[in-house]
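Novice: Input structure: coords-v3.cif, which contains mmCIF, C-alpha atoms.
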```cif
data_start
loop_
_atom_site.label_atom_id
_atom_site.label_comp_id
_atom_site.auth_asym_id
_atom_site.auth_seq_id
_atom_site.Cartn_x
_atom_site.Cartn_y
_atom_site.Cartn_z
CA MET A 236 90.68 267.94 37.76
CA THR A 237 93.80 265.91 38.23
CA ILE A 238 94.23 262.17 38.55
CA GLY A 239 95.21 262.72 42.18
CA SER A 240 91.90 264.47 42.90
CA LEU A 241 89.99 261.66 41.23
CA ILE A 242 91.74 259.05 43.36
CA ILE A 243 91.03 261.06 46.51
CA TRP A 244 87.34 261.37 45.55
CA ILE A 245 87.12 257.60 45.14
CA ILE A 246 88.86 256.83 48.43
CA VAL A 247 86.93 259.42 50.44
CA GLY A 248 83.63 258.36 48.87
CA ALA A 249 84.28 254.72 49.75
CA VAL A 250 85.22 255.55 53.35
CA VAL A 251 82.21 257.84 53.82
CA GLY A 252 79.95 255.18 52.32
CA ILE A 253 81.21 252.58 54.78
CA VAL A 254 80.95 254.90 57.78
CA LEU A 255 77.46 256.17 56.98
CA ASP A 256 76.16 252.69 56.19
CA THR A 257 77.35 251.64 59.64
CA PHE A 258 75.94 254.66 61.50
CA MET A 259 72.64 254.76 59.64
CA GLY A 260 71.95 251.18 60.66
CA GLY A 261 72.35 249.79 57.18
CA MET A 262 70.42 251.26 54.27
CA ARG A 263 69.55 247.83 52.88
CA ILE A 264 71.67 248.45 49.79
CA GLY A 265 74.63 246.47 51.00
CA LEU A 266 78.14 247.56 51.69
CA MET A 267 79.09 247.79 48.02
CA GLY A 268 76.02 249.89 47.28
CA ALA A 269 76.90 252.33 50.06
CA ILE A 270 80.49 252.52 48.81
CA LEU A 271 79.36 253.18 45.24
CA ILE A 272 76.88 255.87 46.26
CA GLY A 273 79.58 257.49 48.39
CA ILE A 274 82.01 257.47 45.46
CA VAL A 275 79.42 258.94 43.09
CA GLY A 276 78.53 261.66 45.60
CA ALA A 277 82.19 262.53 46.11
CA MET A 278 82.80 262.72 42.37
CA ILE A 279 79.71 264.85 41.73
CA SER A 280 80.62 267.34 44.45
CA GLY A 281 84.24 267.45 43.36
CA TRP A 282 83.17 268.18 39.81
CA ALA A 283 80.56 270.75 40.90
CA PHE A 284 82.92 272.61 43.22
CA SER A 285 85.65 272.81 40.59
CA THR A 286 83.22 273.75 37.80
CA PHE A 287 81.68 276.60 39.75
CA GLY A 288 85.03 277.73 41.13
CA PHE A 289 84.10 277.27 44.78
CA HIS A 290 86.79 275.77 46.99
CA PHE A 291 86.99 275.56 50.75
CA MET A 292 90.75 275.26 50.75
CA SER A 293 93.35 274.39 48.22
CA GLY A 294 95.30 271.17 48.29
CA LEU A 295 94.61 267.81 49.80
CA ILE A 296 92.50 269.00 52.75
CA GLY A 297 90.16 270.95 50.46
CA THR A 298 89.73 267.99 48.11
CA ILE A 299 88.95 265.66 51.00
CA LEU A 300 86.46 268.14 52.48
CA GLU A 301 84.65 268.66 49.17
CA ALA A 302 84.45 264.93 48.48
CA SER A 303 83.17 264.25 51.99
CA ILE A 304 80.39 266.82 51.66
CA GLY A 305 79.15 265.34 48.39
CA ALA A 306 79.32 261.75 49.59
CA VAL A 307 77.50 262.52 52.84
CA LEU A 308 74.78 264.52 51.08
CA LEU A 309 74.10 261.90 48.43
CA LEU A 310 74.04 259.07 50.97
CA LEU A 311 71.69 260.98 53.26
CA ILE A 312 69.37 261.86 50.38
CA PHE A 313 69.40 258.26 49.21
CA GLY A 314 68.72 257.05 52.76
CA VAL A 315 65.70 259.34 53.11
CA PHE A 316 64.17 258.24 49.81
CA ARG A 317 64.98 254.62 50.52
CA ARG A 318 62.86 254.67 53.70
CA TYR A 319 59.72 255.71 51.81
#
```
Since I need it in another form, could you write the structure as structure tokens?
Specialist:
Amino acid sequence: MTIGSLIIWIIVGAVVGIVLDTFMGGMRIGLMGAILIGIVGAMISGWAFSTFGFHFMSGLIGTILEASIGAVLLLLIFGVFRRY
């Protein structure tokens, strides 16, 4: 993990959090909550992909893709549990 990857995970997680909060009609956690969950999801997936040696692509595009997957998954999971 490099500092560049970490910064990308944070940026992508924040953007995905904002976008999903908008499209999911607001998850009642507020904008900052959605951003934070997106960042955490991006960081978890980035760590998991690099730990297990699974990469979609190398470079910037791969890092963005991995971070997006993690952020989307964590936000969707959180949204499902939040409704119940």
Novice: Can you work out which one of A:Gly305, A:Gly297, A:Gly268, A:Gly273 has the shortest atom-to-atom distance to Val251 in chain A, counting all atoms listed in the file?
Specialist: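 Counting all atoms listed in the file, the residue closest to Val251 in chain A is A:Gly273.
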Novice: Could you list the residues chosen by the PyMOL selection byres ((chain A and resi 310) around 12) in this structure as JSON, numbers by chain?
Specialist: {"A": [248, 249, 250, 251, 252, 253, 254, 255, 256, 257, 258, 259, 261, 262, 264, 268, 269, 270, 271, 272, 273, 274, 275, 276, 277, 303, 304, 305, 306, 307, 308, 309, 311, 312, 313, 314, 315, 316, 317]}
Novice: Kindly list the centre and edge lengths in Å, rounded to one decimal, for the axis-aligned box that covers all listed atoms of range 298-310 of chain A plus 3 Å on each of its six sides, as lines of an AutoDock Vina configuration file.
Specialist:
```
center_x = 81.9
center_y = 263.9
center_z = 50.5
size_x = 21.7
size_y = 15.6
size_z = 10.7
```
Novice: Fewer than 2 positions away in the same chain doesn't count, so skip those; otherwise give me all residues within 12 Å of Thr237 in chain A, counting only C-alpha atoms, as an MDAnalysis selection string.
Specialist: chainID A and resid 239:244 281:282 285 294:295 298
Novice: So the first atom is CA of Ile246 in chain A and the second is CA of Leu266 in chain A; what is the distance between them in Å, to one decimal place?
Specialist: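 So the answer is 14.5 Å.
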Novice: Calculate how many Å separate CA of Phe284 in chain A from CA of Met267 in chain A, rounding to one decimal.
Specialist: 25.6 Å
Novice: Tell me which of A:Ser293, A:Ala302, A:Val247, A:Gly265 sits closest to Ile279 in chain A, counting only C-alpha atoms.
Specialist: A:Ala302
